[in-house]
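See structure below.
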Amino acid sequence: MKIYYTIHVIQPLIIVSLYYLFKGSDHKVNPIFKSSHNIPPFLPSTKAKTKMAGGAFVSEGGSGGRDYEGGVTVFVVITCMVAAMGGLLFGYDLGISGGVTSMDEFLSKFFPQLEKQRVKAKHETAYCKFDDQKLQLFTSSLYLAALVASFVASVVTRKYGRKVSMFTGGLAFLTGALINAFAINVTMLIIGRLLLGVGVGFANQSTPVYLSEMAPAKIRGALNICFQVAITSGILVANLINYGTSNMAKNGWRVSLGLAAVPAILMVIGSFFLPDTPNSMLERGKYEEAKQMLKKVRGTENVDHEFQDIRDACEAAKKVEHPWKNIRQSKYRPALVFCSAIPFFQQITGINVIMFYAPVLFKTLGFGDDAALMSAVITGVVNVLATFVSLYSVDRFGRRFLFLEGGIQMFICQILVGSFIGLKFGTTGTGTLTPATADWILVFICVYVAGFAWSWGPLGWLVPSEICPLEIRPAGQAINVSVNMFFTFLIGQFFLTMLCHMKFGLFYFFAGMVAIMTIFIYFLFPETRGVPIEEMGKVWKQHWFWKNYIPDDAVIGGNDEN
């Protein structure tokens, strides 16, 4: 519980520090922030031109869109921080399952066949240490449930609002956590994991959309990445708890699994106090409430231009009766492609393979029997710190830069780590690492984790949530979550088996996939920094490839310059 207390002490500090991280280079305070209930913007207002892929130029302030009045209020920052607790649910589970499945008491109680297999094995290799399908099902079943739940959540999100989905997700996660904590057999474990998956599906469906709709366009990336900060913080907290409970004489795994109820309770309580987004209110015909909420979150009375744009988009959305059918239309082709491709690429970066090898390296460095848990803590710290780099840079340097830089960084590290491990372990997996080699591999693993944490980690959630027009947003986000969960399920279920059979060659396989996805981003993804969600069509219309799919009537304001 001290760990959770620490996290809640840190969160207010994060809110206060956002200004200092994102203050513009000219250090001038925008006049709209003279009111005491506002804080300065993270970025200066600018009309500078930014070159996009294909040679088109757009305004940083909105890709040719309006520069809306209002700024970043304390209200909207705190609201987004509370909403980002949905990421804490996801992150805690990501971190807790790996540590629990390495605890001897847990394995002997639920997976005795694995213990017997390891005892009987004459040569236990680093590659095949935990190659067991039932054990992998314990981890992967959550993501299969999240996949199915994301489709249900898309309907709930659209009809009843984003906060209702977040409440449902928190409640399902709470129930699953309690069932897991009191599990007496594998069946209860799997049922609990399935309910956790329902919670993750609802939270991941609604939270990124909520954050994107509440945040001003110029700092939407920073506030949305609070979701990724919550994920990485949840992973780190889980790793620390696992490290502590592993030393308990009995039932340490129950404590680890049961404490998942804490972020779930925070999510349930928080959803009661969160306001709904202006976009969601307009979707349900609450026009006056929506305008008042927009005034509150922007900190200004003059929101007519932004409100009208959101209302126009909402009116267009209401004419769409079948979002799942319409998302296949030509004008939504970019959104469909990126909502499918980005989560797919995010999961085949090989991050899970890197994480699996960390215990071997730390054990060589002398961490002994606690190597797996200690290595998870260290990589978790790197993960959190690197995510703050993304917070600082996503609205300064843009999404494309982080995608490309992170891809190159991960590719180089995958090749180097695979080569070092291949030279030392070979195909048998029975070799040993010298301290010097282990040091170098450890460095490359940390650099790799950092590259993922400030690029594909947070952007995998941010970009799909900000590129979909309102009329297809629930469907687009459902595709994003479901594709992410499907491939997370596949990796969770089969990557240990792949590692056992492909050995160090698996690192080269993932390096090749990273190269492909980096090339994909270079040619097909335009910069979306600072673009109001309702005017994203202008970005696609100016892109050398996607302009062929976007009709003029799909762009708010046509081709007019504002």
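We label chains A, B, ... in the order they appear in the structure tokens, count residues from 1 in each chain, and number ligands from 1 in the order shown.
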Legend entry - Near-Arg284 in chain A list (10 Å; only C-alpha atoms; drop same-chain fewer than 6 positions) as a list in words: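 Contacts, with the query itself left out: Arg158, Lys159, Tyr160, Gly161, Ala290, Cys314 and Lys318 of chain A.
Neighbours of range 482-492 of chain A closer than or equal to 7 Å, with only C-alpha atoms counted and sequence neighbours fewer than 2 positions away skipped, come out as Gln136, Thr139, Ser140, Ser141, Tyr143, Leu144, Ala146, Leu147, Ser150, Ser340, Pro343, Phe344, Gln347, Ala478, Ile479, Asn480, Phe494 and Phe495 of chain A.
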Take the residues from that selection and write them out as a PDB file, in the first residue's frame, keeping N, CA and C atoms.
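Contents of selection.pdb, freshly written:
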ATOM      1  N   GLN A 136       0.847 -20.309 -20.397  1.00  0.00           N
ATOM      2  CA  GLN A 136       0.703 -19.170 -21.298  1.00  0.00           C
ATOM      3  C   GLN A 136      -0.762 -18.753 -21.440  1.00  0.00           C
ATOM      4  N   THR A 139      -1.890 -16.162 -18.950  1.00  0.00           N
ATOM      5  CA  THR A 139      -1.562 -14.787 -19.318  1.00  0.00           C
ATOM      6  C   THR A 139      -2.405 -14.298 -20.487  1.00  0.00           C
ATOM      7  N   SER A 140      -2.543 -15.121 -21.519  1.00  0.00           N
ATOM      8  CA  SER A 140      -3.137 -14.662 -22.772  1.00  0.00           C
ATOM      9  C   SER A 140      -4.655 -14.582 -22.739  1.00  0.00           C
ATOM     10  N   SER A 141      -5.327 -15.323 -21.864  1.00  0.00           N
ATOM     11  CA  SER A 141      -6.788 -15.342 -21.849  1.00  0.00           C
ATOM     12  C   SER A 141      -7.370 -13.961 -21.607  1.00  0.00           C
ATOM     13  N   TYR A 143      -6.378 -11.125 -22.773  1.00  0.00           N
ATOM     14  CA  TYR A 143      -6.395 -10.317 -23.985  1.00  0.00           C
ATOM     15  C   TYR A 143      -7.440 -10.806 -24.978  1.00  0.00           C
ATOM     16  N   LEU A 144      -7.757 -12.084 -24.926  1.00  0.00           N
ATOM     17  CA  LEU A 144      -8.829 -12.600 -25.763  1.00  0.00           C
ATOM     18  C   LEU A 144     -10.172 -12.020 -25.305  1.00  0.00           C
ATOM     19  N   ALA A 146     -10.517  -9.194 -23.698  1.00  0.00           N
ATOM     20  CA  ALA A 146     -10.465  -7.758 -24.000  1.00  0.00           C
ATOM     21  C   ALA A 146     -10.823  -7.500 -25.460  1.00  0.00           C
ATOM     22  N   LEU A 147     -10.424  -8.406 -26.338  1.00  0.00           N
ATOM     23  CA  LEU A 147     -10.744  -8.273 -27.751  1.00  0.00           C
ATOM     24  C   LEU A 147     -12.256  -8.246 -27.948  1.00  0.00           C
ATOM     25  N   SER A 150     -14.047  -5.140 -26.341  1.00  0.00           N
ATOM     26  CA  SER A 150     -13.852  -3.851 -27.002  1.00  0.00           C
ATOM     27  C   SER A 150     -14.976  -3.548 -27.984  1.00  0.00           C
ATOM     28  N   SER A 340      -5.813  -0.176 -37.677  1.00  0.00           N
ATOM     29  CA  SER A 340      -5.493  -1.601 -37.761  1.00  0.00           C
ATOM     30  C   SER A 340      -3.988  -1.848 -37.727  1.00  0.00           C
ATOM     31  N   PRO A 343      -1.722  -0.705 -34.026  1.00  0.00           N
ATOM     32  CA  PRO A 343      -1.704  -1.669 -32.915  1.00  0.00           C
ATOM     33  C   PRO A 343      -1.051  -2.993 -33.293  1.00  0.00           C
ATOM     34  N   PHE A 344      -1.173  -3.397 -34.559  1.00  0.00           N
ATOM     35  CA  PHE A 344      -0.493  -4.611 -35.021  1.00  0.00           C
ATOM     36  C   PHE A 344       1.015  -4.448 -34.911  1.00  0.00           C
ATOM     37  N   GLN A 347       2.528  -4.426 -31.352  1.00  0.00           N
ATOM     38  CA  GLN A 347       2.684  -5.702 -30.673  1.00  0.00           C
ATOM     39  C   GLN A 347       3.780  -6.574 -31.260  1.00  0.00           C
ATOM     40  N   ALA A 478     -12.524   0.733 -31.332  1.00  0.00           N
ATOM     41  CA  ALA A 478     -12.746  -0.694 -31.089  1.00  0.00           C
ATOM     42  C   ALA A 478     -11.815  -1.548 -31.938  1.00  0.00           C
ATOM     43  N   ILE A 479     -11.599  -1.133 -33.182  1.00  0.00           N
ATOM     44  CA  ILE A 479     -10.653  -1.845 -34.048  1.00  0.00           C
ATOM     45  C   ILE A 479      -9.251  -1.760 -33.466  1.00  0.00           C
ATOM     46  N   ASN A 480      -8.879  -0.562 -33.013  1.00  0.00           N
ATOM     47  CA  ASN A 480      -7.558  -0.372 -32.421  1.00  0.00           C
ATOM     48  C   ASN A 480      -7.342  -1.293 -31.231  1.00  0.00           C
ATOM     49  N   PHE A 494       1.893 -17.772 -27.570  1.00  0.00           N
ATOM     50  CA  PHE A 494       2.827 -18.551 -28.384  1.00  0.00           C
ATOM     51  C   PHE A 494       4.275 -18.060 -28.391  1.00  0.00           C
ATOM     52  N   PHE A 495       4.555 -16.852 -27.836  1.00  0.00           N
ATOM     53  CA  PHE A 495       5.909 -16.356 -28.040  1.00  0.00           C
ATOM     54  C   PHE A 495       6.952 -17.160 -27.255  1.00  0.00           C
TER      55      PHE A 495
END
Inset, instruction - Run DSSP on the backbone and grab whatever in range 77-295 of chain A lands in alpha helix (DSSP H); send it over as a PyMOL selection string. - result: chain A and resi 77-83+85-100+104-110+112-120+133-160+162-181+186-214+220-224+226-245+252-258+261-273+278-283+287-295
Inset, instruction - Write out as a list in words each polymer residue whose atoms come within 8 Å of Ile408 in chain A, counting only C-alpha atoms; drop sequence neighbours fewer than 3 positions from it. - result: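 Residues near the query, excluding close chain neighbours: Leu404, Glu405, Phe411, Ile412, Val514, Ala515 and Thr518 of chain A.
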Inset, instruction - To one decimal in Å, tell me the separation between CA of Ala475 in chain A and CA of Gly170 in chain A. - result: 21.1 Å
Against range 211-222 of chain A, which residues of range 362-448 of chain A fall within 12 Å? For each one I want the closest pair of atoms and the distance in Å (one decimal), counting only C-alpha atoms, rows by chain and increasing residue number, as a Markdown table.
| residue | atom | partner | partner_atom | distance |
| --- | --- | --- | --- | --- |
| A:Thr387 | CA | A:Ala222 | CA | 10.5 |
| A:Phe388 | CA | A:Ala222 | CA | 9.4 |
| A:Val389 | CA | A:Ala222 | CA | 10.3 |
| A:Ser390 | CA | A:Ala222 | CA | 7.8 |
| A:Leu391 | CA | A:Ala222 | CA | 5.0 |
| A:Tyr392 | CA | A:Ala222 | CA | 7.2 |
| A:Ser393 | CA | A:Ala222 | CA | 8.3 |
| A:Val394 | CA | A:Gly221 | CA | 6.0 |
| A:Asp395 | CA | A:Gly221 | CA | 5.9 |
| A:Arg396 | CA | A:Ile219 | CA | 9.2 |
| A:Phe397 | CA | A:Gly221 | CA | 10.9 |
| A:Gly398 | CA | A:Gly221 | CA | 8.7 |
| A:Arg399 | CA | A:Gly221 | CA | 8.6 |
| A:Leu402 | CA | A:Gly221 | CA | 11.9 |
Can you write just those residues out, C-alpha atoms, as a compact mmCIF listing (two decimals), in the first residue's frame?
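Contents of the output file again.txt:
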# COMPACT_ATOMS: atom_id res chain seq x y z
CA THR A 387 7.60 7.73 -21.27
CA PHE A 388 8.14 11.17 -19.75
CA VAL A 389 10.46 11.90 -22.67
CA SER A 390 7.47 11.29 -24.92
CA LEU A 391 5.38 13.63 -22.77
CA TYR A 392 7.94 16.35 -23.40
CA SER A 393 8.49 15.74 -27.10
CA VAL A 394 5.25 14.51 -28.66
CA ASP A 395 3.78 18.00 -29.12
CA ARG A 396 7.13 19.63 -29.81
CA PHE A 397 8.67 17.30 -32.38
CA GLY A 398 5.54 15.51 -33.53
CA ARG A 399 4.36 11.93 -33.95
CA LEU A 402 9.07 9.78 -32.54
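Comparing the minimum interatomic distances between Val449 in chain A and each of A:Cys413, A:Ala341, A:Cys468, A:Val209, counting only C-alpha atoms, we find that A:Cys413 sits nearest.
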Legend entry - Given only C-alpha atoms as the counted atoms, nearest of A:Tyr92, A:Phe425, A:Trp461, A:Phe523 to Ala230 in chain A: A:Tyr92
Inset, instruction - Please indicate the distance in Å from CA of Val164 in chain A to CA of Ala181 in chain A, rounded to one decimal place. - result: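 So the answer is 26.0 Å.
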Can you tell me which residues surround Gln228 in chain A at a distance of at most 9 Å, considering only C-alpha atoms, apart from same-chain residues fewer than 5 positions away, and format the answer as a PDB file with all heavy atoms, in the first residue's frame?
ATOM      1  N   ALA A  84      -6.934   8.862 -16.959  1.00  0.00           N
ATOM      2  CA  ALA A  84      -5.821   8.011 -17.362  1.00  0.00           C
ATOM      3  C   ALA A  84      -5.608   6.838 -16.421  1.00  0.00           C
ATOM      4  O   ALA A  84      -4.800   5.946 -16.715  1.00  0.00           O
ATOM      5  CB  ALA A  84      -4.535   8.840 -17.452  1.00  0.00           C
ATOM      6  N   GLY A  87      -5.404   3.395 -17.732  1.00  0.00           N
ATOM      7  CA  GLY A  87      -4.125   2.804 -18.107  1.00  0.00           C
ATOM      8  C   GLY A  87      -3.466   2.083 -16.955  1.00  0.00           C
ATOM      9  O   GLY A  87      -2.710   1.126 -17.154  1.00  0.00           O
ATOM     10  N   LEU A  88      -3.748   2.547 -15.721  1.00  0.00           N
ATOM     11  CA  LEU A  88      -3.175   1.894 -14.548  1.00  0.00           C
ATOM     12  C   LEU A  88      -3.690   0.462 -14.425  1.00  0.00           C
ATOM     13  O   LEU A  88      -2.955  -0.450 -14.020  1.00  0.00           O
ATOM     14  CB  LEU A  88      -3.506   2.696 -13.291  1.00  0.00           C
ATOM     15  CG  LEU A  88      -2.775   2.302 -12.003  1.00  0.00           C
ATOM     16  CD1 LEU A  88      -1.281   2.508 -12.148  1.00  0.00           C
ATOM     17  CD2 LEU A  88      -3.309   3.102 -10.828  1.00  0.00           C
ATOM     18  N   GLY A  91      -1.746  -1.522 -17.083  1.00  0.00           N
ATOM     19  CA  GLY A  91      -0.338  -1.644 -16.719  1.00  0.00           C
ATOM     20  C   GLY A  91      -0.111  -2.564 -15.541  1.00  0.00           C
ATOM     21  O   GLY A  91       0.837  -3.361 -15.539  1.00  0.00           O
ATOM     22  N   SER A 233       3.423   3.236 -15.195  1.00  0.00           N
ATOM     23  CA  SER A 233       3.435   3.323 -13.732  1.00  0.00           C
ATOM     24  C   SER A 233       2.802   2.078 -13.120  1.00  0.00           C
ATOM     25  O   SER A 233       3.281   1.562 -12.109  1.00  0.00           O
ATOM     26  CB  SER A 233       2.673   4.574 -13.275  1.00  0.00           C
ATOM     27  OG  SER A 233       3.280   5.756 -13.743  1.00  0.00           O
ATOM     28  N   VAL A 384       9.135   3.861 -17.410  1.00  0.00           N
ATOM     29  CA  VAL A 384       8.439   5.054 -16.907  1.00  0.00           C
ATOM     30  C   VAL A 384       9.190   6.329 -17.274  1.00  0.00           C
ATOM     31  O   VAL A 384       8.601   7.295 -17.784  1.00  0.00           O
ATOM     32  CB  VAL A 384       8.251   4.972 -15.377  1.00  0.00           C
ATOM     33  CG1 VAL A 384       7.716   6.289 -14.833  1.00  0.00           C
ATOM     34  CG2 VAL A 384       7.296   3.828 -15.020  1.00  0.00           C
ATOM     35  N   THR A 387       8.924   7.250 -20.897  1.00  0.00           N
ATOM     36  CA  THR A 387       7.599   7.734 -21.271  1.00  0.00           C
ATOM     37  C   THR A 387       7.478   9.229 -21.024  1.00  0.00           C
ATOM     38  O   THR A 387       6.795   9.943 -21.773  1.00  0.00           O
ATOM     39  CB  THR A 387       6.507   6.975 -20.495  1.00  0.00           C
ATOM     40  OG1 THR A 387       6.637   5.573 -20.740  1.00  0.00           O
ATOM     41  CG2 THR A 387       5.119   7.412 -20.928  1.00  0.00           C
ATOM     42  N   ALA A 453       9.298   2.974 -25.300  1.00  0.00           N
ATOM     43  CA  ALA A 453       8.490   3.722 -24.334  1.00  0.00           C
ATOM     44  C   ALA A 453       8.237   5.156 -24.763  1.00  0.00           C
ATOM     45  O   ALA A 453       7.240   5.749 -24.340  1.00  0.00           O
ATOM     46  CB  ALA A 453       9.166   3.702 -22.959  1.00  0.00           C
ATOM     47  N   GLY A 457       5.139   2.778 -27.882  1.00  0.00           N
ATOM     48  CA  GLY A 457       4.344   2.507 -26.690  1.00  0.00           C
ATOM     49  C   GLY A 457       3.193   3.489 -26.536  1.00  0.00           C
ATOM     50  O   GLY A 457       2.020   3.117 -26.638  1.00  0.00           O
ATOM     51  N   PRO A 458       3.486   4.785 -26.322  1.00  0.00           N
ATOM     52  CA  PRO A 458       2.394   5.758 -26.155  1.00  0.00           C
ATOM     53  C   PRO A 458       1.673   6.107 -27.452  1.00  0.00           C
ATOM     54  O   PRO A 458       0.461   6.307 -27.460  1.00  0.00           O
ATOM     55  CB  PRO A 458       3.107   6.985 -25.574  1.00  0.00           C
ATOM     56  CG  PRO A 458       4.522   6.847 -26.031  1.00  0.00           C
ATOM     57  CD  PRO A 458       4.804   5.380 -26.047  1.00  0.00           C
ATOM     58  N   LEU A 459       2.412   6.184 -28.565  1.00  0.00           N
ATOM     59  CA  LEU A 459       1.786   6.587 -29.821  1.00  0.00           C
ATOM     60  C   LEU A 459       0.837   5.525 -30.351  1.00  0.00           C
ATOM     61  O   LEU A 459      -0.087   5.828 -31.120  1.00  0.00           O
ATOM     62  CB  LEU A 459       2.865   6.901 -30.872  1.00  0.00           C
ATOM     63  CG  LEU A 459       3.755   8.107 -30.569  1.00  0.00           C
ATOM     64  CD1 LEU A 459       4.788   8.293 -31.666  1.00  0.00           C
ATOM     65  CD2 LEU A 459       2.927   9.369 -30.406  1.00  0.00           C
ATOM     66  N   TRP A 461      -1.412   4.197 -28.747  1.00  0.00           N
ATOM     67  CA  TRP A 461      -2.739   4.540 -28.212  1.00  0.00           C
ATOM     68  C   TRP A 461      -3.165   5.939 -28.634  1.00  0.00           C
ATOM     69  O   TRP A 461      -4.349   6.194 -28.870  1.00  0.00           O
ATOM     70  CB  TRP A 461      -2.732   4.438 -26.688  1.00  0.00           C
ATOM     71  CG  TRP A 461      -2.462   3.063 -26.198  1.00  0.00           C
ATOM     72  CD1 TRP A 461      -1.321   2.594 -25.611  1.00  0.00           C
ATOM     73  CD2 TRP A 461      -3.356   1.943 -26.279  1.00  0.00           C
ATOM     74  NE1 TRP A 461      -1.448   1.258 -25.315  1.00  0.00           N
ATOM     75  CE2 TRP A 461      -2.679   0.830 -25.722  1.00  0.00           C
ATOM     76  CE3 TRP A 461      -4.642   1.774 -26.763  1.00  0.00           C
ATOM     77  CZ2 TRP A 461      -3.264  -0.417 -25.628  1.00  0.00           C
ATOM     78  CZ3 TRP A 461      -5.228   0.522 -26.676  1.00  0.00           C
ATOM     79  CH2 TRP A 461      -4.541  -0.559 -26.115  1.00  0.00           C
ATOM     80  N   LEU A 462      -2.219   6.852 -28.726  1.00  0.00           N
ATOM     81  CA  LEU A 462      -2.558   8.237 -29.041  1.00  0.00           C
ATOM     82  C   LEU A 462      -3.073   8.406 -30.465  1.00  0.00           C
ATOM     83  O   LEU A 462      -4.156   8.958 -30.685  1.00  0.00           O
ATOM     84  CB  LEU A 462      -1.326   9.132 -28.830  1.00  0.00           C
ATOM     85  CG  LEU A 462      -1.411  10.545 -29.412  1.00  0.00           C
ATOM     86  CD1 LEU A 462      -2.539  11.322 -28.771  1.00  0.00           C
ATOM     87  CD2 LEU A 462      -0.081  11.276 -29.245  1.00  0.00           C
TER      88      LEU A 462
END
Legend entry - Between CA of Ile96 in chain A and CA of Tyr243 in chain A, distance in Å (one decimal): 10.1 Å
